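One file, my_file-v4.tsv, is given below (TSV, N, CA, C and O atoms).
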```tsv
chain	number	residue	atom	x	y	z
A	1	MET	N	0.83	-1.17	0.00
A	1	MET	CA	0.00	0.00	0.00
A	1	MET	C	0.89	1.25	0.00
A	1	MET	O	1.81	1.36	0.81
A	2	PRO	N	0.62	2.21	-0.89
A	2	PRO	CA	1.46	3.41	-0.96
A	2	PRO	C	1.42	4.20	0.35
A	2	PRO	O	0.40	4.28	1.01
A	3	ASP	N	2.57	4.79	0.67
A	3	ASP	CA	2.71	5.61	1.88
A	3	ASP	C	2.93	7.05	1.44
A	3	ASP	O	4.04	7.44	1.05
A	4	PHE	N	1.86	7.86	1.44
A	4	PHE	CA	1.94	9.26	1.05
A	4	PHE	C	1.95	10.12	2.31
A	4	PHE	O	1.21	9.85	3.25
A	5	ARG	N	2.79	11.17	2.30
A	5	ARG	CA	2.86	12.09	3.43
A	5	ARG	C	2.95	13.52	2.92
A	5	ARG	O	3.59	13.79	1.90
A	6	ASP	N	2.32	14.43	3.64
A	6	ASP	CA	2.42	15.85	3.34
A	6	ASP	C	3.52	16.43	4.21
A	6	ASP	O	3.46	16.32	5.44
A	7	VAL	N	4.54	17.00	3.56
A	7	VAL	CA	5.71	17.50	4.29
A	7	VAL	C	6.11	18.88	3.78
A	7	VAL	O	5.78	19.27	2.67
A	8	ASP	N	6.84	19.59	4.62
A	8	ASP	CA	7.44	20.86	4.22
A	8	ASP	C	8.67	20.53	3.38
A	8	ASP	O	9.59	19.84	3.85
A	9	PRO	N	8.73	20.99	2.13
A	9	PRO	CA	9.88	20.64	1.28
A	9	PRO	C	11.21	21.14	1.83
A	9	PRO	O	12.25	20.57	1.53
A	10	ARG	N	11.19	22.18	2.67
A	10	ARG	CA	12.43	22.68	3.26
A	10	ARG	C	13.07	21.67	4.21
A	10	ARG	O	14.26	21.74	4.47
A	11	GLU	N	12.27	20.74	4.73
A	11	GLU	CA	12.77	19.76	5.70
A	11	GLU	C	13.29	18.48	5.05
A	11	GLU	O	13.90	17.65	5.73
A	12	LEU	N	13.05	18.31	3.78
A	12	LEU	CA	13.52	17.11	3.09
A	12	LEU	C	15.04	17.17	2.93
A	12	LEU	O	15.60	18.24	2.72
A	13	ARG	N	15.69	16.03	3.04
A	13	ARG	CA	17.13	15.96	2.81
A	13	ARG	C	17.35	15.64	1.34
A	13	ARG	O	16.51	15.04	0.68
A	14	VAL	N	18.49	16.06	0.84
A	14	VAL	CA	18.84	15.76	-0.55
A	14	VAL	C	19.72	14.52	-0.58
A	14	VAL	O	20.44	14.25	0.38
A	15	PRO	N	19.68	13.78	-1.68
A	15	PRO	CA	20.53	12.60	-1.76
A	15	PRO	C	21.99	13.01	-1.83
A	15	PRO	O	22.31	14.13	-2.25
A	16	PRO	N	22.88	12.12	-1.44
A	16	PRO	CA	24.32	12.46	-1.46
A	16	PRO	C	24.80	12.92	-2.84
A	16	PRO	O	25.68	13.76	-2.93
A	17	SER	N	24.19	12.43	-3.90
A	17	SER	CA	24.61	12.82	-5.25
A	17	SER	C	24.20	14.25	-5.58
A	17	SER	O	24.67	14.82	-6.55
A	18	ARG	N	23.32	14.86	-4.79
A	18	ARG	CA	22.82	16.22	-5.07
A	18	ARG	C	23.11	17.17	-3.91
A	18	ARG	O	22.31	18.04	-3.60
A	19	ARG	N	24.26	17.05	-3.28
A	19	ARG	CA	24.58	17.93	-2.16
A	19	ARG	C	24.72	19.38	-2.58
A	19	ARG	O	24.61	20.28	-1.77
A	20	GLN	N	24.97	19.60	-3.87
A	20	GLN	CA	25.00	20.98	-4.35
A	20	GLN	C	23.55	21.44	-4.46
A	20	GLN	O	22.62	20.68	-4.32
A	21	ARG	N	23.37	22.68	-4.75
A	21	ARG	CA	22.02	23.22	-4.92
A	21	ARG	C	21.37	22.63	-6.16
A	21	ARG	O	22.04	22.02	-6.98
A	22	ALA	N	20.08	22.88	-6.29
A	22	ALA	CA	19.37	22.45	-7.49
A	22	ALA	C	20.03	23.11	-8.70
A	22	ALA	O	20.55	24.21	-8.62
A	23	ASP	N	20.00	22.42	-9.81
A	23	ASP	CA	20.56	22.93	-11.06
A	23	ASP	C	19.90	24.28	-11.37
A	23	ASP	O	18.68	24.33	-11.54
A	24	PRO	N	20.66	25.37	-11.42
A	24	PRO	CA	20.06	26.70	-11.61
A	24	PRO	C	19.25	26.81	-12.91
A	24	PRO	O	18.21	27.46	-12.94
A	25	PHE	N	19.72	26.18	-13.97
A	25	PHE	CA	18.99	26.23	-15.25
A	25	PHE	C	17.64	25.53	-15.13
A	25	PHE	O	16.62	26.06	-15.54
A	26	LYS	N	17.65	24.33	-14.53
A	26	LYS	CA	16.39	23.58	-14.37
A	26	LYS	C	15.44	24.32	-13.43
A	26	LYS	O	14.23	24.35	-13.66
A	27	LEU	N	15.99	24.91	-12.37
A	27	LEU	CA	15.15	25.64	-11.42
A	27	LEU	C	14.50	26.85	-12.09
A	27	LEU	O	13.30	27.08	-11.95
A	28	ALA	N	15.28	27.60	-12.87
A	28	ALA	CA	14.73	28.76	-13.58
A	28	ALA	C	13.66	28.33	-14.57
A	28	ALA	O	12.61	28.98	-14.71
A	29	ARG	N	13.89	27.20	-15.25
A	29	ARG	CA	12.90	26.68	-16.20
A	29	ARG	C	11.62	26.29	-15.49
A	29	ARG	O	10.53	26.61	-15.93
A	30	GLN	N	11.75	25.60	-14.37
A	30	GLN	CA	10.59	25.19	-13.57
A	30	GLN	C	9.80	26.42	-13.11
A	30	GLN	O	8.58	26.44	-13.17
A	31	ILE	N	10.51	27.44	-12.65
A	31	ILE	CA	9.84	28.65	-12.17
A	31	ILE	C	9.10	29.34	-13.31
A	31	ILE	O	7.96	29.77	-13.15
A	32	SER	N	9.73	29.42	-14.48
A	32	SER	CA	9.07	30.09	-15.61
A	32	SER	C	7.86	29.32	-16.10
A	32	SER	O	6.88	29.91	-16.54
A	33	LEU	N	7.89	28.00	-16.02
A	33	LEU	CA	6.77	27.19	-16.48
A	33	LEU	C	5.64	27.08	-15.47
A	33	LEU	O	4.46	27.11	-15.84
A	34	PHE	N	5.98	26.91	-14.20
A	34	PHE	CA	4.97	26.58	-13.20
A	34	PHE	C	4.84	27.58	-12.07
A	34	PHE	O	3.90	27.49	-11.28
A	35	GLY	N	5.77	28.51	-11.92
A	35	GLY	CA	5.72	29.47	-10.83
A	35	GLY	C	5.73	28.76	-9.49
A	35	GLY	O	6.45	27.80	-9.28
A	36	ALA	N	4.90	29.23	-8.57
A	36	ALA	CA	4.84	28.67	-7.22
A	36	ALA	C	3.84	27.54	-7.09
A	36	ALA	O	3.65	27.01	-6.00
A	37	SER	N	3.21	27.17	-8.18
A	37	SER	CA	2.14	26.18	-8.13
A	37	SER	C	2.67	24.74	-8.05
A	37	SER	O	3.64	24.39	-8.72
A	38	ALA	N	2.00	23.93	-7.27
A	38	ALA	CA	2.30	22.50	-7.20
A	38	ALA	C	1.23	21.68	-7.90
A	38	ALA	O	1.27	20.45	-7.89
A	39	VAL	N	0.28	22.38	-8.54
A	39	VAL	CA	-0.81	21.71	-9.24
A	39	VAL	C	-0.26	20.86	-10.37
A	39	VAL	O	0.55	21.32	-11.18
A	40	GLY	N	-0.67	19.61	-10.41
A	40	GLY	CA	-0.23	18.69	-11.45
A	40	GLY	C	1.14	18.08	-11.22
A	40	GLY	O	1.60	17.28	-12.01
A	41	MET	N	1.78	18.45	-10.12
A	41	MET	CA	3.11	17.91	-9.83
A	41	MET	C	2.96	16.51	-9.25
A	41	MET	O	2.29	16.33	-8.23
A	42	PRO	N	3.54	15.50	-9.89
A	42	PRO	CA	3.46	14.17	-9.31
A	42	PRO	C	4.23	14.11	-7.99
A	42	PRO	O	5.19	14.86	-7.81
A	43	PRO	N	3.80	13.27	-7.06
A	43	PRO	CA	4.50	13.23	-5.77
A	43	PRO	C	5.94	12.75	-5.94
A	43	PRO	O	6.18	11.73	-6.58
A	44	PRO	N	6.89	13.50	-5.39
A	44	PRO	CA	8.28	13.03	-5.43
A	44	PRO	C	8.43	11.75	-4.61
A	44	PRO	O	7.66	11.50	-3.68
A	45	TRP	N	9.41	10.98	-4.95
A	45	TRP	CA	9.73	9.77	-4.17
A	45	TRP	C	10.72	10.14	-3.09
A	45	TRP	O	11.66	10.89	-3.31
A	46	ALA	N	10.53	9.59	-1.93
A	46	ALA	CA	11.44	9.80	-0.82
A	46	ALA	C	11.66	8.47	-0.11
A	46	ALA	O	10.81	7.58	-0.15
A	47	TYR	N	12.80	8.35	0.50
A	47	TYR	CA	13.12	7.21	1.35
A	47	TYR	C	13.19	7.69	2.79
A	47	TYR	O	13.63	8.81	3.04
A	48	GLU	N	12.76	6.86	3.71
A	48	GLU	CA	12.82	7.20	5.13
A	48	GLU	C	14.08	6.56	5.72
A	48	GLU	O	14.30	5.36	5.55
A	49	ASP	N	14.90	7.37	6.39
A	49	ASP	CA	16.12	6.82	6.97
A	49	ASP	C	15.84	6.20	8.34
A	49	ASP	O	14.69	6.19	8.80
A	50	SER	N	16.86	5.71	8.97
A	50	SER	CA	16.70	5.01	10.25
A	50	SER	C	16.21	5.93	11.37
A	50	SER	O	15.70	5.46	12.37
A	51	ASP	N	16.36	7.26	11.19
A	51	ASP	CA	15.89	8.22	12.20
A	51	ASP	C	14.53	8.81	11.88
A	51	ASP	O	14.05	9.69	12.57
A	52	GLY	N	13.92	8.39	10.77
A	52	GLY	CA	12.63	8.91	10.37
A	52	GLY	C	12.71	10.13	9.47
A	52	GLY	O	11.70	10.72	9.11
A	53	VAL	N	13.92	10.54	9.09
A	53	VAL	CA	14.13	11.67	8.20
A	53	VAL	C	13.84	11.22	6.76
A	53	VAL	O	14.19	10.11	6.38
A	54	LEU	N	13.20	12.09	5.98
A	54	LEU	CA	12.89	11.76	4.59
A	54	LEU	C	13.97	12.31	3.66
A	54	LEU	O	14.34	13.48	3.75
A	55	VAL	N	14.45	11.45	2.76
A	55	VAL	CA	15.49	11.80	1.80
A	55	VAL	C	14.86	11.77	0.41
A	55	VAL	O	14.37	10.73	-0.02
A	56	LEU	N	14.87	12.88	-0.27
A	56	LEU	CA	14.28	13.02	-1.60
A	56	LEU	C	15.16	12.34	-2.63
A	56	LEU	O	16.38	12.51	-2.61
A	57	TYR	N	14.56	11.57	-3.54
A	57	TYR	CA	15.38	10.87	-4.52
A	57	TYR	C	15.02	11.17	-5.96
A	57	TYR	O	15.69	10.71	-6.86
A	58	ASN	N	13.97	11.91	-6.21
A	58	ASN	CA	13.71	12.36	-7.58
A	58	ASN	C	13.04	13.71	-7.52
A	58	ASN	O	12.70	14.20	-6.44
A	59	VAL	N	12.86	14.33	-8.64
A	59	VAL	CA	12.34	15.70	-8.76
A	59	VAL	C	12.99	16.65	-7.74
A	59	VAL	O	12.32	17.41	-7.08
A	60	VAL	N	14.30	16.61	-7.70
A	60	VAL	CA	15.05	17.42	-6.73
A	60	VAL	C	14.98	18.90	-7.09
A	60	VAL	O	15.36	19.74	-6.29
A	61	THR	N	14.43	19.26	-8.25
A	61	THR	CA	14.27	20.66	-8.61
A	61	THR	C	12.89	21.17	-8.22
A	61	THR	O	12.73	22.34	-7.87
A	62	ARG	N	11.89	20.33	-8.25
A	62	ARG	CA	10.53	20.78	-7.94
A	62	ARG	C	10.35	21.15	-6.48
A	62	ARG	O	9.71	22.14	-6.16
A	63	ALA	N	10.90	20.37	-5.59
A	63	ALA	CA	10.76	20.66	-4.16
A	63	ALA	C	11.40	22.00	-3.79
A	63	ALA	O	10.79	22.80	-3.08
A	64	PRO	N	12.63	22.30	-4.27
A	64	PRO	CA	13.19	23.62	-3.96
A	64	PRO	C	12.37	24.77	-4.55
A	64	PRO	O	12.28	25.84	-3.96
A	65	ARG	N	11.74	24.55	-5.70
A	65	ARG	CA	10.91	25.60	-6.30
A	65	ARG	C	9.76	25.95	-5.38
A	65	ARG	O	9.50	27.12	-5.09
A	66	ILE	N	9.08	24.94	-4.86
A	66	ILE	CA	7.96	25.18	-3.95
A	66	ILE	C	8.47	25.78	-2.64
A	66	ILE	O	7.88	26.72	-2.10
A	67	ALA	N	9.59	25.27	-2.14
A	67	ALA	CA	10.15	25.79	-0.89
A	67	ALA	C	10.56	27.25	-1.02
A	67	ALA	O	10.38	28.04	-0.09
A	68	LYS	N	11.07	27.64	-2.19
A	68	LYS	CA	11.53	29.01	-2.39
A	68	LYS	C	10.38	29.98	-2.64
A	68	LYS	O	10.34	31.06	-2.07
A	69	LEU	N	9.43	29.57	-3.48
A	69	LEU	CA	8.38	30.50	-3.89
A	69	LEU	C	7.13	30.47	-3.01
A	69	LEU	O	6.35	31.41	-3.03
A	70	SER	N	6.93	29.38	-2.29
A	70	SER	CA	5.74	29.25	-1.43
A	70	SER	C	6.14	28.71	-0.07
A	70	SER	O	5.78	27.60	0.30
A	71	PRO	N	6.92	29.47	0.70
A	71	PRO	CA	7.35	28.98	2.02
A	71	PRO	C	6.14	28.58	2.86
A	71	PRO	O	5.12	29.26	2.87
A	72	GLY	N	6.26	27.47	3.54
A	72	GLY	CA	5.19	26.98	4.40
A	72	GLY	C	4.19	26.08	3.70
A	72	GLY	O	3.37	25.45	4.34
A	73	THR	N	4.27	25.99	2.37
A	73	THR	CA	3.38	25.12	1.62
A	73	THR	C	3.88	23.68	1.72
A	73	THR	O	5.07	23.42	1.53
A	74	LEU	N	2.98	22.78	2.04
A	74	LEU	CA	3.33	21.36	2.13
A	74	LEU	C	3.20	20.72	0.76
A	74	LEU	O	2.35	21.11	-0.04
A	75	ILE	N	4.06	19.75	0.49
A	75	ILE	CA	3.93	18.95	-0.71
A	75	ILE	C	3.73	17.50	-0.30
A	75	ILE	O	4.14	17.08	0.78
A	76	ARG	N	3.07	16.75	-1.16
A	76	ARG	CA	2.85	15.33	-0.91
A	76	ARG	C	4.01	14.55	-1.50
A	76	ARG	O	4.40	14.77	-2.64
A	77	VAL	N	4.62	13.67	-0.68
A	77	VAL	CA	5.68	12.78	-1.15
A	77	VAL	C	5.22	11.35	-0.96
A	77	VAL	O	4.40	11.05	-0.09
A	78	GLU	N	5.76	10.47	-1.79
A	78	GLU	CA	5.50	9.04	-1.65
A	78	GLU	C	6.75	8.40	-1.06
A	78	GLU	O	7.83	8.48	-1.65
A	79	VAL	N	6.60	7.81	0.10
A	79	VAL	CA	7.72	7.12	0.74
A	79	VAL	C	7.79	5.72	0.13
A	79	VAL	O	6.86	4.93	0.28
A	80	VAL	N	8.88	5.46	-0.61
A	80	VAL	CA	8.98	4.22	-1.38
A	80	VAL	C	9.86	3.17	-0.72
A	80	VAL	O	9.96	2.05	-1.22
A	81	GLY	N	10.52	3.50	0.37
A	81	GLY	CA	11.36	2.52	1.03
A	81	GLY	C	12.05	3.09	2.25
A	81	GLY	O	11.86	4.24	2.62
A	82	LYS	N	12.84	2.24	2.87
A	82	LYS	CA	13.58	2.62	4.07
A	82	LYS	C	15.07	2.49	3.79
A	82	LYS	O	15.50	1.63	3.04
A	83	LEU	N	15.84	3.35	4.44
A	83	LEU	CA	17.30	3.33	4.33
A	83	LEU	C	17.88	2.91	5.67
A	83	LEU	O	17.41	3.36	6.72
A	84	PRO	N	18.91	2.08	5.66
A	84	PRO	CA	19.49	1.62	6.92
A	84	PRO	C	20.37	2.68	7.59
A	84	PRO	O	20.67	2.59	8.77
A	85	LYS	N	20.77	3.69	6.84
A	85	LYS	CA	21.69	4.72	7.34
A	85	LYS	C	20.91	5.96	7.78
A	85	LYS	O	19.84	6.24	7.27
A	86	ALA	N	21.47	6.72	8.71
A	86	ALA	CA	20.86	7.98	9.15
A	86	ALA	C	21.36	9.12	8.26
A	86	ALA	O	22.53	9.20	7.94
A	87	PHE	N	20.44	9.99	7.86
A	87	PHE	CA	20.77	11.13	7.01
A	87	PHE	C	20.48	12.47	7.69
A	87	PHE	O	20.48	13.50	7.04
A	88	ALA	N	20.25	12.46	8.99
A	88	ALA	CA	19.89	13.69	9.70
A	88	ALA	C	20.98	14.76	9.59
A	88	ALA	O	20.68	15.95	9.65
A	89	ALA	N	22.22	14.37	9.42
A	89	ALA	CA	23.31	15.34	9.32
A	89	ALA	C	23.46	15.91	7.91
A	89	ALA	O	24.18	16.89	7.72
A	90	GLU	N	22.77	15.35	6.95
A	90	GLU	CA	22.85	15.83	5.57
A	90	GLU	C	22.09	17.15	5.45
A	90	GLU	O	21.19	17.43	6.23
A	91	PRO	N	22.44	17.99	4.46
A	91	PRO	CA	21.75	19.29	4.33
A	91	PRO	C	20.29	19.12	3.93
A	91	PRO	O	19.94	18.20	3.19
A	92	LYS	N	19.47	20.02	4.44
A	92	LYS	CA	18.05	20.07	4.06
A	92	LYS	C	17.93	20.94	2.82
A	92	LYS	O	18.80	21.77	2.53
A	93	ILE	N	16.83	20.80	2.12
A	93	ILE	CA	16.58	21.66	0.97
A	93	ILE	C	16.57	23.12	1.41
A	93	ILE	O	17.10	23.99	0.74
A	94	GLY	N	15.98	23.40	2.57
A	94	GLY	CA	15.94	24.76	3.09
A	94	GLY	C	17.33	25.36	3.32
A	94	GLY	O	17.53	26.56	3.20
A	95	ASP	N	18.31	24.51	3.63
A	95	ASP	CA	19.69	24.98	3.84
A	95	ASP	C	20.36	25.35	2.53
A	95	ASP	O	21.33	26.12	2.53
A	96	LEU	N	19.89	24.79	1.42
A	96	LEU	CA	20.53	24.97	0.14
A	96	LEU	C	19.89	26.04	-0.73
A	96	LEU	O	20.37	26.33	-1.82
A	97	LEU	N	18.81	26.64	-0.27
A	97	LEU	CA	18.12	27.65	-1.07
A	97	LEU	C	18.95	28.93	-1.13
A	97	LEU	O	19.56	29.34	-0.15
A	98	PRO	N	18.96	29.57	-2.33
A	98	PRO	CA	19.70	30.83	-2.44
A	98	PRO	C	19.04	31.96	-1.70
A	98	PRO	O	17.92	31.95	-1.35
```
Could you render the structure as structure tokens?
Amino acid sequence: MPDFRDVDPRELRVPPSRRQRADPFKLARQISLFGASAVGMPPPWAYEDSDGVLVLYNVVTRAPRIAKLSPGTLIRVEVVGKLPKAFAAEPKIGDLLP
């Protein structure tokens, strides 16, 4: 059964492969196409770590767009699995926003 949760995108952790900020070109494109709206956005996939922290694993540009343009807006994520490692020390999307 799918596990969907409404979360603040600023609190999501980024995967180790995306420790840098969102790709500026992709972020600008997303903003020009969709603005602050999350309408029609498919739920990003996230994994839950051993501490209960959610780690985003796809659409790493959409979550920062919502976090930047609509602070406090929750997005729905689909938790697709569990990770054996803790990611609480990894940067949050909110830490990486310009």
- A:Ser70, A:Leu97, A:Leu54, A:Ala63: which is nearest Glu11 (chain A), counting only N, CA, C and O atoms? A:Leu54
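The space separating CA of Arg5 (chain A) from CA of Ser32 (chain A) comes to 26.9 Å.
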Mind checking which residues fall within 6 Å of Val55 (chain A), counting all atoms listed in the file, ignoring those fewer than 2 positions away in the same chain, and posting them as a PDB file with N, CA, C and O atoms, in the frame of the given file?
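Printed below is result_8.pdb as written:
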```pdb
ATOM      1  N   LEU A  12      13.050  18.310   3.780  1.00  0.00           N
ATOM      2  CA  LEU A  12      13.520  17.110   3.090  1.00  0.00           C
ATOM      3  C   LEU A  12      15.040  17.170   2.930  1.00  0.00           C
ATOM      4  O   LEU A  12      15.600  18.240   2.720  1.00  0.00           O
ATOM      5  N   ARG A  13      15.690  16.030   3.040  1.00  0.00           N
ATOM      6  CA  ARG A  13      17.130  15.960   2.810  1.00  0.00           C
ATOM      7  C   ARG A  13      17.350  15.640   1.340  1.00  0.00           C
ATOM      8  O   ARG A  13      16.510  15.040   0.680  1.00  0.00           O
ATOM      9  N   VAL A  14      18.490  16.060   0.840  1.00  0.00           N
ATOM     10  CA  VAL A  14      18.840  15.760  -0.550  1.00  0.00           C
ATOM     11  C   VAL A  14      19.720  14.520  -0.580  1.00  0.00           C
ATOM     12  O   VAL A  14      20.440  14.250   0.380  1.00  0.00           O
ATOM     13  N   PRO A  15      19.680  13.780  -1.680  1.00  0.00           N
ATOM     14  CA  PRO A  15      20.530  12.600  -1.760  1.00  0.00           C
ATOM     15  C   PRO A  15      21.990  13.010  -1.830  1.00  0.00           C
ATOM     16  O   PRO A  15      22.310  14.130  -2.250  1.00  0.00           O
ATOM     17  N   TRP A  45       9.410  10.980  -4.950  1.00  0.00           N
ATOM     18  CA  TRP A  45       9.730   9.770  -4.170  1.00  0.00           C
ATOM     19  C   TRP A  45      10.720  10.140  -3.090  1.00  0.00           C
ATOM     20  O   TRP A  45      11.660  10.890  -3.310  1.00  0.00           O
ATOM     21  N   ALA A  46      10.530   9.590  -1.930  1.00  0.00           N
ATOM     22  CA  ALA A  46      11.440   9.800  -0.820  1.00  0.00           C
ATOM     23  C   ALA A  46      11.660   8.470  -0.110  1.00  0.00           C
ATOM     24  O   ALA A  46      10.810   7.580  -0.150  1.00  0.00           O
ATOM     25  N   TYR A  47      12.800   8.350   0.500  1.00  0.00           N
ATOM     26  CA  TYR A  47      13.120   7.210   1.350  1.00  0.00           C
ATOM     27  C   TYR A  47      13.190   7.690   2.790  1.00  0.00           C
ATOM     28  O   TYR A  47      13.630   8.810   3.040  1.00  0.00           O
ATOM     29  N   GLU A  48      12.760   6.860   3.710  1.00  0.00           N
ATOM     30  CA  GLU A  48      12.820   7.200   5.130  1.00  0.00           C
ATOM     31  C   GLU A  48      14.080   6.560   5.720  1.00  0.00           C
ATOM     32  O   GLU A  48      14.300   5.360   5.550  1.00  0.00           O
ATOM     33  N   ASP A  49      14.900   7.370   6.390  1.00  0.00           N
ATOM     34  CA  ASP A  49      16.120   6.820   6.970  1.00  0.00           C
ATOM     35  C   ASP A  49      15.840   6.200   8.340  1.00  0.00           C
ATOM     36  O   ASP A  49      14.690   6.190   8.800  1.00  0.00           O
ATOM     37  N   VAL A  53      13.920  10.540   9.090  1.00  0.00           N
ATOM     38  CA  VAL A  53      14.130  11.670   8.200  1.00  0.00           C
ATOM     39  C   VAL A  53      13.840  11.220   6.760  1.00  0.00           C
ATOM     40  O   VAL A  53      14.190  10.110   6.380  1.00  0.00           O
ATOM     41  N   TYR A  57      14.560  11.570  -3.540  1.00  0.00           N
ATOM     42  CA  TYR A  57      15.380  10.870  -4.520  1.00  0.00           C
ATOM     43  C   TYR A  57      15.020  11.170  -5.960  1.00  0.00           C
ATOM     44  O   TYR A  57      15.690  10.710  -6.860  1.00  0.00           O
TER      45      TYR A  57
END
```
- What is the atom C of Ile75 (chain A)-atom C of Met41 (chain A) distance in Å, reported with one decimal? 9.0 Å
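Using only C-alpha atoms, the nearest neighbour of Arg29 (chain A) within the list A:Asp51, A:Arg62, A:Asp3, A:Pro42 is A:Arg62.
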- Would you please extract all strand (DSSP E or B) residues from region 29-93 of chain A, as assigned by DSSP on the backbone, and give them as JSON, numbers by chain? {"A": [45, 46, 47, 48, 54, 55, 56, 75, 76, 77, 78, 79, 80, 81, 82, 92]}
